[in-house]
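Contents: one structure, followed by commentary.
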Amino acid sequence: MIALVVAHLIGGLALVATGRRLGRIAFPLAAAIPAATTGWAITHAGDVLDGHRPAQVVRWVPDLHLDLAVRLDGFSLVMVLVVSVVASLVLLFAWSYFDHASDRPLARLAGLLLVFTGAMVGVVVASNLPTLFVAWELTSISSYLLIGWDDTNPTARASALQALLTTGAGSLAMLGGFVLIANAAGTSDLSRLVDHPPTGTAATVGMVLALIGAFAKSAQFPFSAWLSGAMVAPTPVSALLHSATMVKAGVYLIARLAPVFVDQPAWRPIVWGVGLVTMITGALKALREVDLKGILAGGTVSQLGFLVVIFGTGTRESTEAGIVVLVAHAAFKAALFLVVGMVDHMTHTRDIRALGRYGPGWRPAQVVFAASCASMAGLPLVFGFVGKEAAFDALANAHAGGSTVVLAGLVAGSALTFAYTARLLLGAFTTVDVGTDRPASPVAQPRPRPQASRPCASPPRRHPPRHSGPCRFRSRPSRSCWDSRPAGRRGSSASPPAPSTACSVVISTSRSGTDSRSRCC
């Protein structure tokens, strides 16, 4: 297991060292290592399910009794599979997401993604507190470099620094908590902590400090602001960091510590209170966003609050339900981010006020997006519904003080989840007004057939060419009047200018890949 983590780190650093020489080919090369990790985890699944726990220990500082120790149990196995599968798919997606002729250091990005994946694998297989903390810090450093990958963008640099300072401050608190917990228990091994939970004032203070680190990592209230700023990173980075890896680290730590501290009087009030407030505030923020990634960011914060409440309950049933919700969230959130990346790549905007109808080539993407939204909203017959129902049932049967109030809060948060999910789906792929501040538009009027981009003065063709692929995007009529000009920079979510006359915008892509916008009034 340690060899797998080292392979990620060495492979990632080797790709970073190549600079711009490899280009896009670095992404499939990087994807080979998490794919191999997936295969390794599958081959060991039988042993883990039979009760065997493969473990490995490397002496680090013997005089201080510090060891690098890893162990693969059932929970770690699920997390390794989630991280490695999502990382492989995201890296393959990035291979086609970035342009062939891009002069940006794509190999560096692929290498950083690989290093980050290895660090996250280290977090989930760590069997003692020192190993967990080392891998934890590697995720913070690599995420800082990933968010600020576009070092020419001041916003990216500022967002990366905000994420590093927020999670770094939480890590310092967590380190102090780990020291207090280990001293109180006489051990730093996670399994021994579960068998012999520490008690006393020092253990309680250590618990609170460790929770602060987990809350900061998983963007819980009041540390939620950094996650929205991190959306400035490229879509593949957002898909990996905010669906299956970095933001799950804090949730994972809470799940590991819950059996240790669930009998502490302060555990459930802190975890339940922070999780509920985060779930509600994240959902309300998502309802105010007009940027697709902004909606997903608010939804991610809200879903993480839901996971914190479920894992923090500390019962066997709640932990099992939390694992189902965690896997479902990783699946649908990664898919949503990747489809939003496709929309951004082809239309050069994520503003739901400028998005509208698409060609028939978008049908597969629309189906995936709709299914993922259904899972996020918890509609019946989808994976997310199974997880939510199991979570509600586990909390209803927790028989803990205040569980009924917490359950009511989760139901209210789930209603808000349905609301922002509907806004995301309708805003991205339909012409339905979802409450955004936009000029009135004759959406009921019949739309002209899509035409190739041409100056407004040119007469329309009698029989415009037909396009079946997703290379044609048509916005709603009367949203904006843009003169003929090249498309804006990818990723821009700025609001379109106010219209001067009733018109529609046609964005077309030629065979050479050149995008253009034209005003057809």
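The way I read the labels, and the way they are meant: chains A, B, ... in the order of the structure tokens, residue 1 as the first residue of every chain, and ligand 1 as the first ligand shown, with later ones counted on from there.
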Practice problem: Please identify all polymer residues within 9 Å of Thr38 (chain A), counting only C-alpha atoms, omitting same-chain residues fewer than 4 positions from it, and present them as a ChimeraX atom specification. | Solution: /A:33-34,42-43,80-85,88
Selection from above, all heavy atoms, as a short mmCIF file (atom, residue, chain, number, x, y, z; two decimals), in the first residue's frame, can you write it?
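As written to disk, result.cif reads:
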data_model
loop_
_atom_site.label_atom_id
_atom_site.label_comp_id
_atom_site.auth_asym_id
_atom_site.auth_seq_id
_atom_site.Cartn_x
_atom_site.Cartn_y
_atom_site.Cartn_z
N ILE A 33 -1.83 5.07 -13.30
CA ILE A 33 -1.51 4.71 -11.92
C ILE A 33 -2.77 4.57 -11.06
O ILE A 33 -2.92 3.56 -10.36
CB ILE A 33 -0.53 5.74 -11.32
CG1 ILE A 33 0.80 5.69 -12.09
CG2 ILE A 33 -0.29 5.46 -9.84
CD1 ILE A 33 1.83 6.67 -11.59
N PRO A 34 -3.71 5.53 -11.06
CA PRO A 34 -4.95 5.27 -10.31
C PRO A 34 -5.75 4.10 -10.86
O PRO A 34 -6.43 3.40 -10.09
CB PRO A 34 -5.73 6.59 -10.43
CG PRO A 34 -5.01 7.43 -11.39
CD PRO A 34 -3.64 6.92 -11.55
N ILE A 42 -9.48 -4.01 -6.06
CA ILE A 42 -10.47 -5.05 -6.39
C ILE A 42 -9.92 -6.43 -6.06
O ILE A 42 -10.64 -7.30 -5.54
CB ILE A 42 -10.86 -4.94 -7.88
CG1 ILE A 42 -11.64 -3.63 -8.12
CG2 ILE A 42 -11.69 -6.14 -8.31
CD1 ILE A 42 -11.95 -3.37 -9.57
N THR A 43 -8.64 -6.66 -6.35
CA THR A 43 -8.06 -7.97 -6.06
C THR A 43 -7.98 -8.26 -4.56
O THR A 43 -7.98 -9.43 -4.15
CB THR A 43 -6.65 -8.07 -6.66
OG1 THR A 43 -5.82 -7.03 -6.13
CG2 THR A 43 -6.69 -7.96 -8.18
N VAL A 80 -10.68 3.99 -1.19
CA VAL A 80 -9.65 3.82 -2.22
C VAL A 80 -10.29 3.64 -3.59
O VAL A 80 -9.84 4.23 -4.59
CB VAL A 80 -8.74 2.64 -1.88
CG1 VAL A 80 -7.85 2.27 -3.07
CG2 VAL A 80 -7.86 2.96 -0.68
N LEU A 81 -11.34 2.84 -3.67
CA LEU A 81 -12.02 2.65 -4.94
C LEU A 81 -12.65 3.94 -5.45
O LEU A 81 -12.56 4.27 -6.64
CB LEU A 81 -13.08 1.55 -4.80
CG LEU A 81 -12.56 0.11 -4.69
CD1 LEU A 81 -13.71 -0.84 -4.36
CD2 LEU A 81 -11.87 -0.31 -5.98
N VAL A 82 -13.29 4.68 -4.56
CA VAL A 82 -13.92 5.94 -4.96
C VAL A 82 -12.87 6.91 -5.49
O VAL A 82 -13.02 7.50 -6.57
CB VAL A 82 -14.69 6.55 -3.77
CG1 VAL A 82 -15.10 7.99 -4.09
CG2 VAL A 82 -15.92 5.73 -3.46
N VAL A 83 -11.77 7.08 -4.74
CA VAL A 83 -10.74 8.04 -5.14
C VAL A 83 -10.08 7.63 -6.44
O VAL A 83 -9.92 8.44 -7.36
CB VAL A 83 -9.69 8.18 -4.01
CG1 VAL A 83 -8.51 9.02 -4.50
CG2 VAL A 83 -10.31 8.80 -2.78
N SER A 84 -9.69 6.38 -6.57
CA SER A 84 -8.95 5.94 -7.75
C SER A 84 -9.82 5.90 -9.00
O SER A 84 -9.36 6.29 -10.09
CB SER A 84 -8.32 4.56 -7.50
OG SER A 84 -9.31 3.61 -7.15
N VAL A 85 -11.06 5.46 -8.88
CA VAL A 85 -11.95 5.42 -10.05
C VAL A 85 -12.25 6.82 -10.56
O VAL A 85 -12.14 7.11 -11.76
CB VAL A 85 -13.25 4.66 -9.72
CG1 VAL A 85 -14.27 4.85 -10.84
CG2 VAL A 85 -12.96 3.18 -9.52
N SER A 88 -9.14 8.39 -12.18
CA SER A 88 -8.88 7.85 -13.52
C SER A 88 -9.80 8.48 -14.55
O SER A 88 -9.36 8.89 -15.64
CB SER A 88 -9.06 6.33 -13.51
OG SER A 88 -8.19 5.71 -12.58
#
Self-check item: Contacts of Ser143 (chain A) within 9 Å, only C-alpha atoms, excl. fewer than 2 positions in-chain, as a PyMOL selection string
Solution: chain A and resi 112-113+116+138-141+145-148+160+163-164+237+241+246
Report the closest atom pair, with its distance in Å rounded to one decimal, for each residue of region 120-143 of chain A that has an atom no farther than 12 Å from region 58-69 of chain A; count only C-alpha atoms, sort by chain and then rising residue number, and write it as a Markdown table.
| residue | atom | partner | partner_atom | distance |
| --- | --- | --- | --- | --- |
| A:Gly122 | CA | A:Ala69 | CA | 9.9 |
| A:Val123 | CA | A:Ala69 | CA | 11.0 |
| A:Val124 | CA | A:Ala69 | CA | 11.5 |
| A:Val125 | CA | A:Ala69 | CA | 8.5 |
| A:Ala126 | CA | A:Ala69 | CA | 6.1 |
| A:Ser127 | CA | A:Ala69 | CA | 5.5 |
| A:Asn128 | CA | A:Ala69 | CA | 6.2 |
| A:Leu129 | CA | A:Ala69 | CA | 9.1 |
| A:Pro130 | CA | A:Leu66 | CA | 7.1 |
| A:Thr131 | CA | A:Leu68 | CA | 5.2 |
| A:Leu132 | CA | A:Leu68 | CA | 8.8 |
| A:Phe133 | CA | A:Leu68 | CA | 10.4 |
| A:Val134 | CA | A:Leu68 | CA | 9.1 |
| A:Ala135 | CA | A:Leu68 | CA | 10.2 |
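You can rank A:Leu284, A:Val90, A:Val406, A:Leu326 by their closest distance to Gly341 (chain A) using only C-alpha atoms, and at the top of that list sits A:Val90.
Distances from A:Ala398, A:Leu424, A:Gly206, A:Val301 to Ala184 (chain A) were compared using only C-alpha atoms, and the smallest one belongs to A:Gly206.
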Exercise. Per DSSP on the backbone, filter region 211-374 of chain A down to the residues in alpha helix (DSSP H) and report them as a VMD selection string.
Key: chain A and resid 211 to 217 225 to 229 235 to 241 246 to 261 267 to 288 292 to 313 316 to 347 363 to 374
Quiz item: Which neighbours of Leu227 (chain A) fall inside 12 Å, counting only C-alpha atoms, when residues of the same chain fewer than 6 positions from it are skipped, and could you give them as a ChimeraX atom specification?
Solution: /A:143-144,147,159-164,166-167,216-221,233,238,241-243,246-247,282,293-302,304
Using N, CA and C atoms, can you write the selected residues to a file as a JSON list (two decimals), in the first residue's frame?
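Saved to out20.json:
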[["chain", "number", "residue", "atom", "x", "y", "z"],
["A", 143, "SER", "N", -3.44, 20.72, -3.37],
["A", 143, "SER", "CA", -4.66, 21.44, -3.77],
["A", 143, "SER", "C", -4.37, 22.92, -3.96],
["A", 144, "TYR", "N", -3.49, 23.48, -3.15],
["A", 144, "TYR", "CA", -3.08, 24.88, -3.34],
["A", 144, "TYR", "C", -2.47, 25.08, -4.73],
["A", 147, "ILE", "N", -5.41, 24.65, -7.45],
["A", 147, "ILE", "CA", -6.33, 25.78, -7.56],
["A", 147, "ILE", "C", -5.64, 26.98, -8.20],
["A", 159, "SER", "N", -7.55, 32.75, -4.64],
["A", 159, "SER", "CA", -8.39, 31.63, -4.18],
["A", 159, "SER", "C", -7.53, 30.50, -3.64],
["A", 160, "ALA", "N", -6.40, 30.23, -4.30],
["A", 160, "ALA", "CA", -5.51, 29.18, -3.81],
["A", 160, "ALA", "C", -4.95, 29.52, -2.44],
["A", 161, "LEU", "N", -4.58, 30.78, -2.27],
["A", 161, "LEU", "CA", -4.05, 31.21, -0.97],
["A", 161, "LEU", "C", -5.12, 31.13, 0.11],
["A", 162, "GLN", "N", -6.35, 31.51, -0.23],
["A", 162, "GLN", "CA", -7.45, 31.42, 0.74],
["A", 162, "GLN", "C", -7.68, 29.97, 1.17],
["A", 163, "ALA", "N", -7.67, 29.05, 0.21],
["A", 163, "ALA", "CA", -7.87, 27.64, 0.54],
["A", 163, "ALA", "C", -6.73, 27.13, 1.41],
["A", 164, "LEU", "N", -5.50, 27.51, 1.09],
["A", 164, "LEU", "CA", -4.36, 27.05, 1.86],
["A", 164, "LEU", "C", -4.39, 27.59, 3.29],
["A", 166, "THR", "N", -7.01, 28.66, 5.01],
["A", 166, "THR", "CA", -8.14, 28.12, 5.76],
["A", 166, "THR", "C", -7.88, 26.69, 6.20],
["A", 167, "THR", "N", -7.52, 25.84, 5.25],
["A", 167, "THR", "CA", -7.28, 24.45, 5.60],
["A", 167, "THR", "C", -6.00, 24.29, 6.43],
["A", 216, "ALA", "N", -12.71, 22.56, 8.67],
["A", 216, "ALA", "CA", -12.04, 23.43, 7.71],
["A", 216, "ALA", "C", -11.78, 22.69, 6.40],
["A", 217, "LYS", "N", -11.40, 21.43, 6.49],
["A", 217, "LYS", "CA", -11.10, 20.66, 5.28],
["A", 217, "LYS", "C", -12.35, 20.40, 4.45],
["A", 218, "SER", "N", -13.45, 20.12, 5.11],
["A", 218, "SER", "CA", -14.69, 19.80, 4.41],
["A", 218, "SER", "C", -15.60, 21.00, 4.24],
["A", 219, "ALA", "N", -15.05, 22.21, 4.37],
["A", 219, "ALA", "CA", -15.78, 23.45, 4.07],
["A", 219, "ALA", "C", -17.06, 23.58, 4.89],
["A", 220, "GLN", "N", -16.99, 23.22, 6.17],
["A", 220, "GLN", "CA", -18.15, 23.38, 7.04],
["A", 220, "GLN", "C", -18.19, 24.80, 7.59],
["A", 221, "PHE", "N", -19.38, 25.21, 7.99],
["A", 221, "PHE", "CA", -19.56, 26.53, 8.58],
["A", 221, "PHE", "C", -18.70, 26.64, 9.84],
["A", 233, "ALA", "N", -10.56, 27.10, -10.46],
["A", 233, "ALA", "CA", -9.68, 26.09, -11.06],
["A", 233, "ALA", "C", -10.36, 25.47, -12.28],
["A", 238, "SER", "N", -11.78, 20.82, -10.35],
["A", 238, "SER", "CA", -12.96, 20.92, -9.48],
["A", 238, "SER", "C", -13.65, 19.58, -9.32],
["A", 241, "LEU", "N", -11.29, 17.46, -6.89],
["A", 241, "LEU", "CA", -11.16, 17.98, -5.54],
["A", 241, "LEU", "C", -12.48, 17.99, -4.79],
["A", 242, "HIS", "N", -13.58, 18.28, -5.48],
["A", 242, "HIS", "CA", -14.82, 18.57, -4.79],
["A", 242, "HIS", "C", -15.87, 17.48, -4.95],
["A", 243, "SER", "N", -15.48, 16.31, -5.48],
["A", 243, "SER", "CA", -16.45, 15.22, -5.56],
["A", 243, "SER", "C", -15.98, 14.01, -4.77],
["A", 246, "MET", "N", -10.58, 15.86, -1.81],
["A", 246, "MET", "CA", -10.19, 16.75, -0.72],
["A", 246, "MET", "C", -11.32, 17.02, 0.27],
["A", 247, "VAL", "N", -12.48, 17.39, -0.22],
["A", 247, "VAL", "CA", -13.55, 17.76, 0.70],
["A", 247, "VAL", "C", -14.10, 16.55, 1.46],
["A", 282, "GLY", "N", -25.43, 26.28, 2.75],
["A", 282, "GLY", "CA", -24.91, 25.90, 1.43],
["A", 282, "GLY", "C", -26.02, 25.82, 0.39],
["A", 293, "LYS", "N", -21.01, 26.23, -11.98],
["A", 293, "LYS", "CA", -20.07, 25.73, -10.98],
["A", 293, "LYS", "C", -20.34, 26.34, -9.61],
["A", 294, "GLY", "N", -20.87, 27.56, -9.58],
["A", 294, "GLY", "CA", -21.25, 28.15, -8.31],
["A", 294, "GLY", "C", -22.39, 27.40, -7.66],
["A", 295, "ILE", "N", -23.36, 26.98, -8.45],
["A", 295, "ILE", "CA", -24.47, 26.17, -7.92],
["A", 295, "ILE", "C", -23.94, 24.85, -7.39],
["A", 296, "LEU", "N", -23.03, 24.22, -8.15],
["A", 296, "LEU", "CA", -22.46, 22.96, -7.70],
["A", 296, "LEU", "C", -21.63, 23.14, -6.44],
["A", 297, "ALA", "N", -20.94, 24.27, -6.32],
["A", 297, "ALA", "CA", -20.15, 24.54, -5.12],
["A", 297, "ALA", "C", -21.04, 24.65, -3.89],
["A", 298, "GLY", "N", -22.12, 25.44, -4.00],
["A", 298, "GLY", "CA", -23.05, 25.54, -2.88],
["A", 298, "GLY", "C", -23.68, 24.20, -2.55],
["A", 299, "GLY", "N", -24.02, 23.43, -3.60],
["A", 299, "GLY", "CA", -24.58, 22.10, -3.37],
["A", 299, "GLY", "C", -23.59, 21.16, -2.70],
["A", 300, "THR", "N", -22.31, 21.28, -3.07],
["A", 300, "THR", "CA", -21.29, 20.44, -2.44],
["A", 300, "THR", "C", -21.18, 20.75, -0.95],
["A", 301, "VAL", "N", -21.16, 22.04, -0.60],
["A", 301, "VAL", "CA", -21.11, 22.42, 0.80],
["A", 301, "VAL", "C", -22.32, 21.86, 1.55],
["A", 302, "SER", "N", -23.49, 21.96, 0.95],
["A", 302, "SER", "CA", -24.70, 21.47, 1.59],
["A", 302, "SER", "C", -24.65, 19.96, 1.79],
["A", 304, "LEU", "N", -22.00, 18.08, 1.99],
["A", 304, "LEU", "CA", -20.99, 17.75, 2.99],
["A", 304, "LEU", "C", -21.54, 17.94, 4.40]]
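Across the structure, CA of Leu338 (chain A) and CA of Thr155 (chain A) are spaced 22.1 Å apart.
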Practice problem: Quick one: everything within 6 Å of Ala394 (chain A), counting only C-alpha atoms, minus sequence neighbours fewer than 2 positions away in the same chain. Send it as an MDAnalysis selection string. | Solution: chainID A and resid 317:318 391:392 396:397
